[in-house]
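J.: You'll find start-v6.csv just under this line, and it carries CSV, C-alpha atoms and all ligand atoms.
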chain,number,residue,atom,x,y,z
S,441,MET,CA,15.0,11.5,-11.7
S,442,LYS,CA,15.8,8.3,-13.7
S,443,VAL,CA,13.2,5.7,-14.4
S,444,TRP,CA,13.2,2.3,-16.0
S,445,PHE,CA,10.9,2.5,-18.9
S,446,ASN,CA,10.1,-0.6,-21.1
S,447,GLY,CA,13.5,-2.2,-20.6
S,448,ARG,CA,15.9,0.6,-20.1
S,449,ILE,CA,16.9,3.4,-17.7
S,450,THR,CA,16.1,6.8,-19.0
S,451,ALA,CA,15.5,10.4,-17.7
S,452,ILE,CA,11.9,10.7,-16.6
S,453,GLU,CA,11.4,13.5,-19.2
S,454,ASP,CA,12.1,11.0,-21.9
S,455,ALA,CA,9.6,8.4,-20.7
S,456,ARG,CA,6.8,9.8,-22.8
S,457,VAL,CA,3.2,8.5,-23.0
S,458,SER,CA,0.3,9.5,-25.3
S,459,CYS,CA,-2.6,11.3,-23.7
S,460,LEU,CA,-4.7,8.8,-25.6
S,461,ALA,CA,-3.2,5.9,-23.6
S,462,HIS,CA,-5.9,3.3,-22.8
S,463,THR,CA,-5.1,3.3,-19.1
S,464,ILE,CA,-5.6,7.0,-18.7
S,465,HIS,CA,-9.1,6.7,-20.1
S,466,TYR,CA,-10.2,3.4,-18.6
S,467,GLY,CA,-8.0,2.7,-15.5
S,468,THR,CA,-6.8,-0.6,-17.0
S,469,GLY,CA,-3.3,-0.7,-15.5
S,470,VAL,CA,-1.9,-2.4,-12.4
S,471,PHE,CA,0.8,-1.2,-10.0
S,472,GLU,CA,2.8,-1.9,-6.9
S,473,GLY,CA,4.2,0.1,-4.0
S,474,ILE,CA,7.4,-1.2,-2.6
S,475,ARG,CA,9.9,0.1,0.0
S,476,SER,CA,13.6,-0.1,0.1
S,477,TYR,CA,15.5,0.5,3.3
S,478,CYS,CA,19.0,1.6,4.1
S,479,VAL,CA,20.9,-1.2,5.8
S,480,ASP,CA,24.5,-1.6,6.9
S,481,ASP,CA,25.7,-3.0,3.6
S,482,GLY,CA,23.6,-1.0,1.2
S,483,HIS,CA,19.9,-1.2,0.7
S,484,ALA,CA,17.3,-4.0,1.3
S,485,ILE,CA,14.1,-4.1,-0.7
S,486,PHE,CA,11.4,-5.4,1.6
S,487,LYS,CA,9.6,-8.5,0.3
S,488,LEU,CA,10.6,-7.7,-3.3
S,489,LYS,CA,9.6,-11.1,-4.6
S,490,GLU,CA,6.2,-10.9,-3.0
S,491,HIS,CA,5.5,-7.5,-4.5
S,492,VAL,CA,6.7,-8.5,-8.0
S,493,ALA,CA,4.6,-11.7,-7.7
S,494,ARG,CA,1.5,-9.6,-6.8
S,495,LEU,CA,2.2,-7.3,-9.8
S,496,PHE,CA,2.1,-10.4,-12.1
S,497,THR,CA,-1.0,-11.7,-10.4
S,498,SER,CA,-2.7,-8.3,-10.8
S,499,ALA,CA,-1.7,-8.1,-14.4
S,500,LYS,CA,-3.0,-11.7,-15.1
S,501,ALA,CA,-6.3,-10.9,-13.5
S,502,LEU,CA,-6.7,-8.0,-15.9
S,503,LYS,CA,-5.5,-10.0,-18.8
S,504,ILE,CA,-2.4,-7.9,-19.2
S,505,HIS,CA,0.7,-9.8,-20.5
S,506,ILE,CA,3.9,-8.4,-19.0
S,507,PRO,CA,6.5,-8.8,-21.6
S,508,PHE,CA,9.3,-9.3,-19.0
S,509,SER,CA,10.1,-12.1,-16.4
S,510,THR,CA,9.8,-11.6,-12.7
S,511,GLU,CA,13.6,-11.8,-12.5
S,512,GLU,CA,14.0,-9.0,-15.1
S,513,LEU,CA,11.6,-6.7,-13.1
S,514,GLU,CA,13.4,-7.5,-9.8
S,515,LEU,CA,16.7,-6.5,-11.4
S,516,ALA,CA,15.1,-3.4,-13.0
S,517,ILE,CA,13.9,-2.2,-9.6
S,518,ASP,CA,17.4,-2.6,-8.2
S,519,MET,CA,18.7,-0.6,-11.3
S,520,VAL,CA,16.3,2.3,-10.6
S,521,LEU,CA,17.6,2.6,-7.0
S,522,LEU,CA,21.2,2.6,-8.2
S,523,ALA,CA,20.6,5.0,-11.0
S,524,ASN,CA,19.0,7.5,-8.6
S,525,ASP,CA,21.5,6.7,-5.7
S,526,LEU,CA,18.6,5.8,-3.4
S,527,SER,CA,18.6,3.6,-0.3
S,528,ASP,CA,15.6,4.6,1.7
S,529,ALA,CA,13.0,4.8,-1.0
S,530,TYR,CA,9.5,4.1,-2.2
S,531,ILE,CA,9.3,2.2,-5.5
S,532,ARG,CA,6.4,2.4,-8.0
S,533,PRO,CA,6.2,-0.1,-10.8
S,534,LEU,CA,3.2,0.6,-13.1
S,535,VAL,CA,2.0,-1.6,-16.0
S,536,PHE,CA,-0.3,0.1,-18.4
S,537,PHE,CA,-1.7,0.1,-21.9
S,538,GLU,CA,-0.4,2.7,-24.4
S,539,ARG,CA,-2.3,4.3,-27.2
S,540,GLY,CA,-3.9,2.0,-29.7
S,541,GLY,CA,-7.6,1.5,-30.4
S,542,MET,CA,-9.9,3.8,-28.5
S,543,GLY,CA,-12.4,1.1,-27.7
S,544,LEU,CA,-12.2,-1.0,-24.6
S,545,GLY,CA,-10.7,-4.0,-26.4
S,546,VAL,CA,-6.9,-3.9,-26.5
S,547,ASN,CA,-6.3,-6.9,-28.8
S,548,THR,CA,-7.9,-5.6,-32.0
S,549,GLU,CA,-5.9,-3.5,-34.5
S,550,PRO,CA,-4.5,-1.0,-33.7
S,551,LEU,CA,-3.2,-2.9,-30.7
S,552,ASN,CA,-2.6,-1.2,-27.4
S,553,PRO,CA,1.0,-2.1,-26.4
S,554,VAL,CA,1.8,-2.9,-22.7
S,555,MET,CA,4.2,-0.4,-21.2
S,556,ILE,CA,6.1,-0.7,-17.9
S,557,LEU,CA,7.4,2.1,-15.8
S,558,ILE,CA,9.4,1.8,-12.6
S,559,ALA,CA,10.1,5.0,-10.7
S,560,ALA,CA,11.5,5.5,-7.2
S,561,TRP,CA,11.8,8.4,-4.8
S,562,ARG,CA,12.3,9.3,-1.2
S,563,TRP,CA,8.9,9.3,0.6
S,564,ASP,CA,9.5,9.9,4.2
S,565,SER,CA,6.1,9.5,5.6
S,566,TYR,CA,2.9,8.7,3.8
S,567,PHE,CA,0.8,10.6,6.3
S,568,ALA,CA,2.4,14.0,7.0
S,569,THR,CA,2.7,13.3,10.7
S,570,ILE,CA,5.0,15.6,12.7
S,571,GLU,CA,5.3,13.1,15.5
S,572,TRP,CA,4.7,9.4,14.9
S,573,GLU,CA,3.3,8.7,18.4
S,574,LYS,CA,0.6,11.4,18.0
S,575,GLY,CA,-0.9,9.3,15.2
S,576,ILE,CA,-3.5,10.4,12.7
S,577,SER,CA,-7.1,11.4,12.8
S,578,VAL,CA,-9.4,9.5,10.4
S,579,GLN,CA,-13.0,9.5,9.2
S,580,LEU,CA,-15.2,6.5,9.3
S,581,ALA,CA,-18.0,7.5,6.9
S,582,ASN,CA,-20.1,5.3,4.7
S,583,TRP,CA,-17.8,4.9,1.8
S,584,LYS,CA,-17.8,1.4,0.5
S,585,ARG,CA,-14.7,-0.6,-0.5
S,586,VAL,CA,-15.7,-1.8,-4.0
S,587,PHE,CA,-14.2,-4.4,-6.3
S,588,ALA,CA,-15.5,-5.1,-9.8
S,589,HIS,CA,-15.7,-8.8,-8.7
S,590,PRO,CA,-14.8,-10.7,-5.5
S,591,SER,CA,-12.0,-12.5,-7.4
S,592,LEU,CA,-10.3,-9.2,-7.9
S,593,SER,CA,-9.8,-8.4,-4.3
S,594,ASN,CA,-6.1,-9.2,-4.4
S,595,VAL,CA,-5.5,-7.0,-7.5
S,596,LYS,CA,-3.9,-3.6,-7.3
S,597,ALA,CA,-5.6,-2.1,-10.4
S,598,VAL,CA,-5.3,1.6,-11.3
S,599,GLY,CA,-9.1,2.0,-11.8
S,600,PHE,CA,-10.0,0.8,-8.2
S,601,TYR,CA,-8.2,3.8,-6.8
S,602,ALA,CA,-10.8,6.2,-8.1
S,603,ASN,CA,-12.9,4.8,-5.2
S,604,SER,CA,-10.0,5.2,-2.7
S,605,TYR,CA,-9.3,8.6,-4.0
S,606,ILE,CA,-12.9,9.9,-3.4
S,607,ALA,CA,-13.1,8.5,0.1
S,608,HIS,CA,-9.7,10.0,0.9
S,609,ALA,CA,-10.6,13.4,-0.7
S,610,ASN,CA,-13.8,13.6,1.3
S,611,ALA,CA,-12.0,12.8,4.6
S,612,GLN,CA,-9.4,15.4,3.8
S,613,SER,CA,-12.0,18.0,3.1
S,614,ALA,CA,-13.6,17.3,6.5
S,615,GLY,CA,-10.2,17.8,8.1
S,616,PHE,CA,-9.1,14.2,8.6
S,617,SER,CA,-5.9,12.5,7.3
S,618,ASP,CA,-7.7,9.5,5.7
S,619,ALA,CA,-10.9,7.4,5.5
S,620,ILE,CA,-11.9,4.0,6.8
S,621,LEU,CA,-14.1,2.2,4.2
S,622,VAL,CA,-16.7,-0.4,4.9
S,623,ASP,CA,-17.9,-3.4,3.0
S,624,GLU,CA,-21.4,-4.0,1.6
S,625,LYS,CA,-22.7,-5.1,5.0
S,626,GLY,CA,-21.2,-2.2,7.0
S,627,ASN,CA,-18.3,-4.3,8.2
S,628,LEU,CA,-14.9,-2.6,8.5
S,629,ALA,CA,-12.9,-3.0,5.3
S,630,GLU,CA,-9.7,-0.9,5.1
S,631,ALA,CA,-8.3,2.6,4.7
S,632,SER,CA,-8.0,4.2,1.2
S,633,ALA,CA,-4.5,2.6,0.7
S,634,ALA,CA,-3.8,0.7,3.9
S,635,ASN,CA,-5.2,-2.1,6.1
S,636,ILE,CA,-6.6,-1.6,9.5
S,637,PHE,CA,-5.9,-3.3,12.8
S,638,PHE,CA,-7.2,-2.7,16.3
S,639,VAL,CA,-6.4,-3.9,19.8
S,640,GLN,CA,-9.1,-4.7,22.2
S,641,LYS,CA,-8.6,-6.5,25.5
S,642,GLU,CA,-5.1,-7.7,24.5
S,643,THR,CA,-6.3,-9.2,21.2
S,644,LEU,CA,-5.4,-7.9,17.8
S,645,PHE,CA,-8.3,-7.8,15.4
S,646,THR,CA,-8.2,-7.2,11.6
S,647,PRO,CA,-10.9,-7.6,9.0
S,648,ALA,CA,-10.8,-11.0,7.3
S,649,GLU,CA,-10.0,-11.2,3.6
S,650,GLY,CA,-12.9,-10.6,1.2
S,651,ALA,CA,-13.4,-6.8,1.0
S,652,ILE,CA,-9.8,-5.8,1.4
S,653,LEU,CA,-6.5,-5.9,-0.4
S,654,PRO,CA,-4.7,-8.4,1.8
S,655,GLY,CA,-1.6,-6.3,2.2
S,656,ILE,CA,1.9,-7.6,2.4
S,657,THR,CA,2.4,-5.5,5.5
S,658,ARG,CA,-0.8,-6.9,6.9
S,659,GLY,CA,0.6,-10.4,6.5
S,660,THR,CA,3.9,-9.3,8.0
S,661,VAL,CA,2.2,-7.8,11.0
S,662,ILE,CA,0.2,-11.0,11.6
S,663,ASP,CA,3.4,-12.9,11.6
S,664,ILE,CA,5.0,-10.4,14.0
S,665,ALA,CA,2.0,-10.5,16.3
S,666,ARG,CA,2.2,-14.4,16.4
S,667,GLU,CA,5.9,-14.2,17.2
S,668,LEU,CA,5.2,-11.8,20.0
S,669,GLY,CA,2.7,-14.2,21.4
S,670,LEU,CA,-0.3,-11.9,20.8
S,671,ARG,CA,-3.8,-13.2,20.2
S,672,ILE,CA,-4.9,-12.4,16.7
S,673,SER,CA,-8.2,-12.7,15.1
S,674,GLU,CA,-9.2,-12.1,11.4
S,675,GLU,CA,-12.9,-11.8,11.3
S,676,GLU,CA,-15.9,-9.8,10.0
S,677,ILE,CA,-16.1,-6.7,12.2
S,678,PHE,CA,-19.1,-4.4,12.3
S,679,HIS,CA,-17.8,-0.9,11.9
S,680,GLU,CA,-19.0,0.5,15.2
S,681,ARG,CA,-16.8,-1.9,17.1
S,682,ILE,CA,-13.8,0.2,16.2
S,683,PHE,CA,-14.9,2.8,18.7
S,684,LEU,CA,-14.4,0.3,21.6
S,685,ALA,CA,-10.8,-0.3,20.6
S,686,ASP,CA,-7.9,0.5,22.9
S,687,GLU,CA,-5.5,1.0,20.0
S,688,VAL,CA,-6.0,1.3,16.2
S,689,PHE,CA,-3.3,1.4,13.5
S,690,PHE,CA,-3.0,1.3,9.8
S,691,THR,CA,-0.5,-0.9,7.9
S,692,GLY,CA,0.8,-0.6,4.4
S,693,THR,CA,4.1,-0.4,2.5
S,694,ALA,CA,3.9,3.4,2.2
S,695,CYS,CA,2.5,4.2,5.7
S,696,GLU,CA,4.2,1.2,7.4
S,697,ILE,CA,2.7,1.1,10.9
S,698,THR,CA,0.7,4.3,11.5
S,699,PRO,CA,-1.1,4.8,14.8
S,700,VAL,CA,-4.7,6.1,14.5
S,701,THR,CA,-5.5,8.1,17.5
S,702,LYS,CA,-8.8,9.7,16.6
S,703,ILE,CA,-11.8,8.5,14.6
S,704,ASN,CA,-14.6,10.9,13.8
S,705,LYS,CA,-13.1,13.2,16.4
S,706,LYS,CA,-13.4,10.5,19.1
S,707,THR,CA,-10.1,9.8,20.9
S,708,ILE,CA,-8.9,6.2,20.7
S,709,GLY,CA,-7.2,4.9,23.9
S,710,THR,CA,-4.9,7.6,25.4
S,711,GLY,CA,-4.8,9.6,22.2
S,712,ARG,CA,-1.2,8.5,21.6
S,713,ALA,CA,0.3,5.3,20.0
S,714,GLY,CA,-0.5,2.4,22.3
S,715,ARG,CA,1.8,-0.3,23.7
S,716,VAL,CA,1.0,-3.0,21.2
S,717,THR,CA,1.2,-0.5,18.3
S,718,LYS,CA,4.7,0.5,19.4
S,719,GLN,CA,5.8,-3.1,20.0
S,720,ILE,CA,4.6,-4.1,16.5
S,721,SER,CA,6.1,-1.0,14.8
S,722,SER,CA,9.5,-1.4,16.4
S,723,ALA,CA,9.6,-5.1,15.4
S,724,TYR,CA,8.5,-4.1,11.9
S,725,GLN,CA,11.2,-1.4,11.6
S,726,GLN,CA,13.8,-3.9,12.8
S,727,LEU,CA,12.7,-6.5,10.3
S,728,VAL,CA,12.7,-4.2,7.3
S,729,ARG,CA,16.2,-3.0,8.1
S,730,ASN,CA,17.6,-6.5,8.6
S,731,GLY,CA,17.8,-6.2,12.3
S,732,ARG,CA,19.2,-2.7,12.5
S,733,GLN,CA,17.7,-0.7,15.4
S,734,VAL,CA,15.9,2.6,14.7
S,735,PRO,CA,13.5,4.3,17.0
S,736,GLN,CA,10.1,4.3,15.2
S,737,ARG,CA,9.8,5.5,11.6
S,738,GLN,CA,12.9,7.3,10.4
S,739,LEU,CA,14.9,7.5,7.2
S,740,VAL,CA,18.6,6.9,7.9
S,741,CYS,CA,20.1,7.5,4.5
M,1,LIG,N1,-5.2,-1.7,0.9
M,1,LIG,C1,-5.1,-0.9,-0.2
M,1,LIG,C2,-6.3,-0.5,-0.9
M,1,LIG,C3,-3.8,-0.5,-0.6
M,1,LIG,O1,-3.7,0.4,-1.6
M,1,LIG,C4,-2.6,-0.9,0.1
M,1,LIG,C5,-1.3,-0.4,-0.3
M,1,LIG,N2,-0.8,-1.3,-1.3
M,1,LIG,C6,-2.8,-1.8,1.2
M,1,LIG,C7,-4.1,-2.2,1.6
M,1,LIG,C8,-1.6,-2.3,1.9
M,1,LIG,O2,-0.9,-3.2,1.1
M,1,LIG,P1,0.6,-3.5,1.3
M,1,LIG,O3,0.8,-3.7,2.7
M,1,LIG,O4,0.9,-4.6,0.4
M,1,LIG,O5,1.3,-2.2,0.9
Hey, can you dump this file as structure tokens for me?
Ligand code: PMP

T.:
Amino acid sequence: MKVWFNGRITAIEDARVSCLAHTIHYGTGVFEGIRSYCVDDGHAIFKLKEHVARLFTSAKALKIHIPFSTEELELAIDMVLLANDLSDAYIRPLVFFERGGMGLGVNTEPLNPVMILIAAWRWDSYFATIEWEKGISVQLANWKRVFAHPSLSNVKAVGFYANSYIAHANAQSAGFSDAILVDEKGNLAEASAANIFFVQKETLFTPAEGAILPGITRGTVIDIARELGLRISEEEIFHERIFLADEVFFTGTACEITPVTKINKKTIGTGRAGRVTKQISSAYQQLVRNGRQVPQRQLVC
């Protein structure tokens, strides 16, 4: 695998980091998850500009100065795909602090330099589902979605994922694919690395911004739903309402549109992907592939 590391393409084995890197100890980095799709004339990176912009917003919120421009990183992402001969791929830019001082401060001597890694690989399906329509089974427990401060809810910081990790790990130990987290008041927030939607009586509901990362896929799905003429409501939703849903699905760059067909062992709707979920998923697949038709989630090259 070739990666882009601080300004140049290199073999991953040569992208070396100290085990005393600040980010490994304190979770101070920021990152992105981006997908590229195979299209008729090569590859198309879905919402590249939005993802790179969010990377810069995240970095700024954590007072990390990225020593490259947005254009340079956009180009670097393209270079990583070409260097690895990838079209359908998942792309992971990571901005982190290297070894320097071992205190929390990064601006006192010795300084902790900012490092940037961009890796890419084929990642067929985030949830190891054998058949898309069967969906996944998830756990709604009492794990809270936490942010260090409300102003950081749009920030993809490495450290926040310790919380996602533990919610996900507990759900997995109990035999589920993932967890649904709630906010401080017990309202639905999101999954460990995805947003949540549900359909009830022909209306699409999703938790309002506040205790969620407002995902780029979430925004895309809201746009698709409006175009399809669906009623959509972003609101505070007490967690128990999810059990009244006719359909539930997760959205995210990695998991795209993933039907959720069981929550805490209770079957949702028919136990298969519902009509609205299918409609939204096929519109999403067409959009990310510049109009190319593919039946549900499928890598084509
Ligand atoms: N919430 C969390 C916590 C996530 O990690 C992700 C994945 N980035 C999402 C939501 C979905 O965001 P997006 O659609 O931008 O990938």

J.: Mind running segment 602-718 of chain S against segment 480-496 of chain S at 10 Å and telling me each contacting residue's nearest atom pair with the distance in Å (one decimal), counting all atoms listed in the file, chain and number ascending, as JSON lines?

T.:
{"residue": "S:Gly655", "atom": "CA", "partner": "S:His491", "partner_atom": "CA", "distance": 9.8}
{"residue": "S:Ile656", "atom": "CA", "partner": "S:Glu490", "partner_atom": "CA", "distance": 7.7}
{"residue": "S:Thr657", "atom": "CA", "partner": "S:Lys487", "partner_atom": "CA", "distance": 9.4}
{"residue": "S:Thr660", "atom": "CA", "partner": "S:Lys487", "partner_atom": "CA", "distance": 9.6}
{"residue": "S:Thr693", "atom": "CA", "partner": "S:Phe486", "partner_atom": "CA", "distance": 8.9}

J.: Just to confirm, what's the straight-line distance from atom CA of Asn552 of chain S to atom CA of Val535 of chain S in Å (one decimal)?

T.: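 Distance reported for this atom pair: 12.3 Å.
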
J.: Find, counting all atoms listed in the file, the residue in S:Ser604, S:Asn610, S:Thr497, S:Ser617 that gets nearest to ligand LIG 1 (chain M).

T.: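 Under the stated criterion, the closest residue is S:Ser604.
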
J.: Could you list the protein, DNA and RNA residues that have any atom within 9 Å of ligand LIG 1 (chain M), counting all atoms listed in the file, and write them as a VMD selection string?

T.: chain S and resid 471 to 475 490 to 491 494 585 596 600 to 601 604 629 to 636 652 to 660 690 to 696

J.: Would you work out the distance separating atom CA of Ile504 of chain S from atom CA of Gly541 of chain S, expressed in Å to one decimal?

T.: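 Answer for the atom CA of Ile504 of chain S to atom CA of Gly541 of chain S separation: 15.5 Å.
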
J.: Show me, as a list in words, the residues that have an atom within 8 Å of Leu592 of chain S when counting all atoms listed in the file, minus same-chain residues fewer than 4 positions from it.

T.: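 After dropping sequence-adjacent residues, the list is Ala501, Phe587 and Ala588 of chain S.
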
J.: Find the residues around segment 706-713 of chain S up to 8 Å (all atoms listed in the file counted), leave out those fewer than 5 positions away in its own chain, and share them as a list of chain:residue names.

T.: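 Final neighbour list, sorted by chain and number: S:Trp572, S:Glu573, S:Lys574, S:Gly575, S:Phe683, S:Ala685, S:Asp686, S:Glu687, S:Val688, S:Pro699, S:Val700, S:Thr701, S:Lys718.
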
J.: Please measure the separation of atom CA of Val716 of chain S and atom CA of Ile531 of chain S, giving the value in Å to one decimal.

T.: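 Answer for the atom CA of Val716 of chain S to atom CA of Ile531 of chain S separation: 28.4 Å.
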
J.: Which residue is closest to Gln612 of chain S? Choose from S:Val578, S:Leu557, S:Val639, S:Ala529 and count only C-alpha atoms.

T.: S:Val578

J.: I'd like the contact shell of Gln719 of chain S - 12 Å cut-off, only C-alpha atoms, skipping same-chain residues fewer than 6 positions apart - returned as a PDB file with C-alpha atoms, keeping the file's coordinate frame.

T.:
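Generated output (selection_10.pdb):
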ATOM      1  CA  VAL S 661       2.200  -7.800  11.000  1.00  0.00           C
ATOM      2  CA  ILE S 664       5.000 -10.400  14.000  1.00  0.00           C
ATOM      3  CA  ALA S 665       2.000 -10.500  16.300  1.00  0.00           C
ATOM      4  CA  GLU S 667       5.900 -14.200  17.200  1.00  0.00           C
ATOM      5  CA  LEU S 668       5.200 -11.800  20.000  1.00  0.00           C
ATOM      6  CA  GLY S 669       2.700 -14.200  21.400  1.00  0.00           C
ATOM      7  CA  LEU S 670      -0.300 -11.900  20.800  1.00  0.00           C
ATOM      8  CA  ILE S 697       2.700   1.100  10.900  1.00  0.00           C
ATOM      9  CA  PRO S 699      -1.100   4.800  14.800  1.00  0.00           C
ATOM     10  CA  ALA S 713       0.300   5.300  20.000  1.00  0.00           C
ATOM     11  CA  GLN S 725      11.200  -1.400  11.600  1.00  0.00           C
ATOM     12  CA  GLN S 726      13.800  -3.900  12.800  1.00  0.00           C
ATOM     13  CA  PRO S 735      13.500   4.300  17.000  1.00  0.00           C
ATOM     14  CA  GLN S 736      10.100   4.300  15.200  1.00  0.00           C
TER      15      GLN S 736
END

J.: Between S:Ile677, S:Ala609, S:Ile682, S:Val457, single out the one closest to Met555 of chain S, counting all atoms listed in the file.

T.: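 The answer is S:Val457, which sits nearest to Met555 of chain S.
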
J.: I'd like to know which of S:Tyr477, S:Phe537, S:Phe445, S:Tyr530 is closest to His462 of chain S, using only C-alpha atoms.

T.: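 For His462 of chain S, the nearest of the candidates is S:Phe537.
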
J.: Excluding Thr643 of chain S and its own-chain neighbours fewer than 2 positions away, which residues fall within 7 Å of it when counting all atoms listed in the file? Please give them as an mmCIF file with C-alpha atoms, in the frame of the given file.

T.:
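What landed in around-v1.cif:
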data_model
loop_
_atom_site.group_PDB
_atom_site.id
_atom_site.type_symbol
_atom_site.label_atom_id
_atom_site.label_comp_id
_atom_site.auth_asym_id
_atom_site.auth_seq_id
_atom_site.Cartn_x
_atom_site.Cartn_y
_atom_site.Cartn_z
ATOM 1 C CA VAL S 639 -6.400 -3.900 19.800
ATOM 2 C CA GLN S 640 -9.100 -4.700 22.200
ATOM 3 C CA LYS S 641 -8.600 -6.500 25.500
ATOM 4 C CA PHE S 645 -8.300 -7.800 15.400
ATOM 5 C CA LEU S 670 -0.300 -11.900 20.800
ATOM 6 C CA ARG S 671 -3.800 -13.200 20.200
ATOM 7 C CA ILE S 672 -4.900 -12.400 16.700
#

J.: Return the single residue from S:Lys442, S:Arg681, S:Arg539, S:Arg666 that is closest to Ser458 of chain S, with distances computed using only C-alpha atoms.

T.: S:Arg539

J.: My list of candidates is S:Ile576, S:Thr450, S:Pro507, S:Ala602. Which is closest to Tyr466 of chain S when distances are computed with only C-alpha atoms?

T.: S:Ala602

J.: Got a sec: who's within 9 Å of Leu526 of chain S, counting only C-alpha atoms, leaving out chain neighbours fewer than 2 positions off, as a PDB file with C-alpha atoms, keeping the file's coordinate frame?

T.:
ATOM      1  CA  SER S 476      13.600  -0.100   0.100  1.00  0.00           C
ATOM      2  CA  CYS S 478      19.000   1.600   4.100  1.00  0.00           C
ATOM      3  CA  HIS S 483      19.900  -1.200   0.700  1.00  0.00           C
ATOM      4  CA  VAL S 520      16.300   2.300 -10.600  1.00  0.00           C
ATOM      5  CA  LEU S 521      17.600   2.600  -7.000  1.00  0.00           C
ATOM      6  CA  LEU S 522      21.200   2.600  -8.200  1.00  0.00           C
ATOM      7  CA  ALA S 523      20.600   5.000 -11.000  1.00  0.00           C
ATOM      8  CA  ASN S 524      19.000   7.500  -8.600  1.00  0.00           C
ATOM      9  CA  ASP S 528      15.600   4.600   1.700  1.00  0.00           C
ATOM     10  CA  ALA S 529      13.000   4.800  -1.000  1.00  0.00           C
ATOM     11  CA  ALA S 560      11.500   5.500  -7.200  1.00  0.00           C
ATOM     12  CA  TRP S 561      11.800   8.400  -4.800  1.00  0.00           C
ATOM     13  CA  ARG S 562      12.300   9.300  -1.200  1.00  0.00           C
ATOM     14  CA  CYS S 741      20.100   7.500   4.500  1.00  0.00           C
TER      15      CYS S 741
END

J.: Dump as a tab-separated table the rows for residues of segment 533-568 of chain S within 10 Å of segment 511-516 of chain S: closest atom pair and distance in Å with one decimal, only C-alpha atoms counted, ordered by chain and rising residue number.

T.:
residue	atom	partner	partner_atom	distance
S:Pro533	CA	S:Leu513	CA	8.8
S:Ile556	CA	S:Leu513	CA	9.4
S:Leu557	CA	S:Ala516	CA	9.9
S:Ile558	CA	S:Ala516	CA	7.7
